[in-house]
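Read through the structure below, which is laid out as structure tokens, and then see the notes.
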Amino acid sequence: MRKTPTQCLVDAAKELCDLLLKAHSQVRPEKGDRYAYVVALKSIASFLRAAEHKDCAEWIERLATQLQDAEITGHVGPDLSPAKKPGNTPRLLDQQLRQFVAAGVKLLIESGAPRKEAAKQAIKKVDAIRELPTTTILSWMDELGKKRHRGASLLPYLVKPFLEKPDDYPKSEAEYRQSQAEIYFQMANDLGKTLTL
């Protein structure tokens, strides 16, 4: 019995899922992340072709080819070239880690901890910042708190939802803020495992 177009697409989706899992669990440990990304991108492109989205498939394949070229020949294609020079601005993931740390420190200070002690707790709990001085940690929080800083609007956004203790929370306001700080430190720690500051 001949398969319907929908059945063909469902089969292609299952095959795509299998190929992506294989790229992640088998290709990546054996050949590295870049090679696995190439396999994953080419698998997605094949699925798009099966779904009759040729233009989109070719767009994905272009990135896969450039990534493969970078891995094999060292040539960096236009889609992998930086849009601008990095300068002194930290990478976005580094900035995110700093924001999580700053939010945790801010919450500890809001709970009544002295500034230096709050920074020491952050250093103790986030492996990626273990070697940094407390002054650096506090400067992240202070910089993010300034209106002129590009991430200034984010710190209040990260901290504000947690400043009000829910009515049904069984512990004190200070303990509530400390528990929220722990969440941010854990998020920073998890993120820090993929980064080097």
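Following the order of the structure tokens, chains are lettered A, B, ..., residues in each are numbered from 1, and ligands are numbered from 1.
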
Quiz prompt | Non-local contacts of Ala40 of chain A (12 Å; only C-alpha atoms; under 3 positions in same chain excluded) as a PyMOL selection string | solution = chain A and resi 15-28+33-37+43-47+60-61+63-65+67-68

Quiz item: Can you tell me, as a list in words, what residues are no more than 10 Å from Leu9 of chain A when counting only C-alpha atoms, ignoring any on the same chain fewer than 3 positions away?
Solution: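 Result of the neighbour search: Lys3, Thr4, Pro5, Thr6, Ala12, Ala13, Lys14, Glu15, Phe47, Leu48, Ala50 and Ala51 of chain A.
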
Selected residues written out with N, CA and C atoms, as a compact mmCIF listing (two decimals), in the first residue's frame:
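Done, and the output landed in result02.txt:
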```txt
# COMPACT_ATOMS: atom_id res chain seq x y z
N LYS A 3 2.17 4.95 0.63
CA LYS A 3 2.05 5.88 1.76
C LYS A 3 1.49 7.21 1.28
N THR A 4 0.72 7.84 2.18
CA THR A 4 0.21 9.18 1.88
C THR A 4 1.33 10.20 2.12
N PRO A 5 1.19 11.41 1.56
CA PRO A 5 2.21 12.44 1.82
C PRO A 5 2.40 12.71 3.31
N THR A 6 1.31 12.65 4.08
CA THR A 6 1.40 12.88 5.53
C THR A 6 2.22 11.77 6.20
N ALA A 12 9.67 10.82 7.74
CA ALA A 12 10.85 11.70 7.60
C ALA A 12 11.16 12.39 8.93
N ALA A 13 10.11 12.79 9.67
CA ALA A 13 10.31 13.44 10.97
C ALA A 13 10.94 12.47 11.97
N LYS A 14 10.49 11.21 11.95
CA LYS A 14 11.08 10.19 12.84
C LYS A 14 12.54 9.95 12.49
N GLU A 15 12.81 9.89 11.19
CA GLU A 15 14.20 9.69 10.74
C GLU A 15 15.07 10.89 11.15
N PHE A 47 15.44 16.71 5.64
CA PHE A 47 14.02 16.70 6.06
C PHE A 47 13.25 17.80 5.33
N LEU A 48 13.84 18.98 5.24
CA LEU A 48 13.18 20.10 4.56
C LEU A 48 12.97 19.80 3.07
N ALA A 50 12.52 16.80 1.87
CA ALA A 50 11.41 15.82 1.83
C ALA A 50 10.07 16.53 1.99
N ALA A 51 10.06 17.63 2.73
CA ALA A 51 8.84 18.41 2.94
C ALA A 51 8.63 19.45 1.83
```

Self-check item: Which residue of A:Lys125, A:Arg177, A:Arg62, A:Arg130 approaches Glu110 of chain A most closely, using only C-alpha atoms
Solution: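 Closest residue, counting only C-alpha atoms: A:Arg177.
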
Quiz item: atom CA of Gln186 of chain A and atom CA of Leu97 of chain A, how far apart in Å?
Solution: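 Pair atom CA of Leu97 of chain A / atom CA of Gln186 of chain A returns 10.4 Å.
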
Quiz prompt | Point-to-point distance from atom CA of Ser172 of chain A to atom CA of Pro114 of chain A, Å rounded to tenths | solution =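 Separation between atom CA of Ser172 of chain A and atom CA of Pro114 of chain A: 17.9 Å.
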
Practice problem: Could you tell me how far atom CA of Asp55 of chain A lies from atom CA of His75 of chain A, in Å and to one decimal? | Solution: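 So the answer is 24.3 Å.
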
Exercise. Give the helix (DSSP H, G or I) residues of chain A, as assigned by DSSP on the backbone, as a VMD selection string.
Key: chain A and resid 5 to 31 33 to 50 54 to 72 92 to 110 115 to 125 127 to 129 134 to 145 154 to 163 173 to 192

Quiz item: For Leu93 of chain A, which of A:Lys193, A:Arg49, A:Lys171, A:Lys42 is the closest residue, counting only C-alpha atoms?
Solution: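 Of A:Lys193, A:Arg49, A:Lys171, A:Lys42, the one nearest Leu93 of chain A is A:Lys193, counting only C-alpha atoms.
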
Practice problem: For Val126 of chain A, please output as a count of residues only all residues within 7 Å (counting only C-alpha atoms; exclusion window: fewer than 5 positions along the same chain). | Solution: 3

Quiz prompt | Polymer residues at most 12 Å from Pro133 of chain A, only C-alpha atoms, same-chain spacing of 5 or more positions, as a list in words | solution = Lys116, Glu117, Ala119, Lys120, Gln121, Ala122, Ile123, Lys124, Leu138, Ser139 and Trp140 of chain A
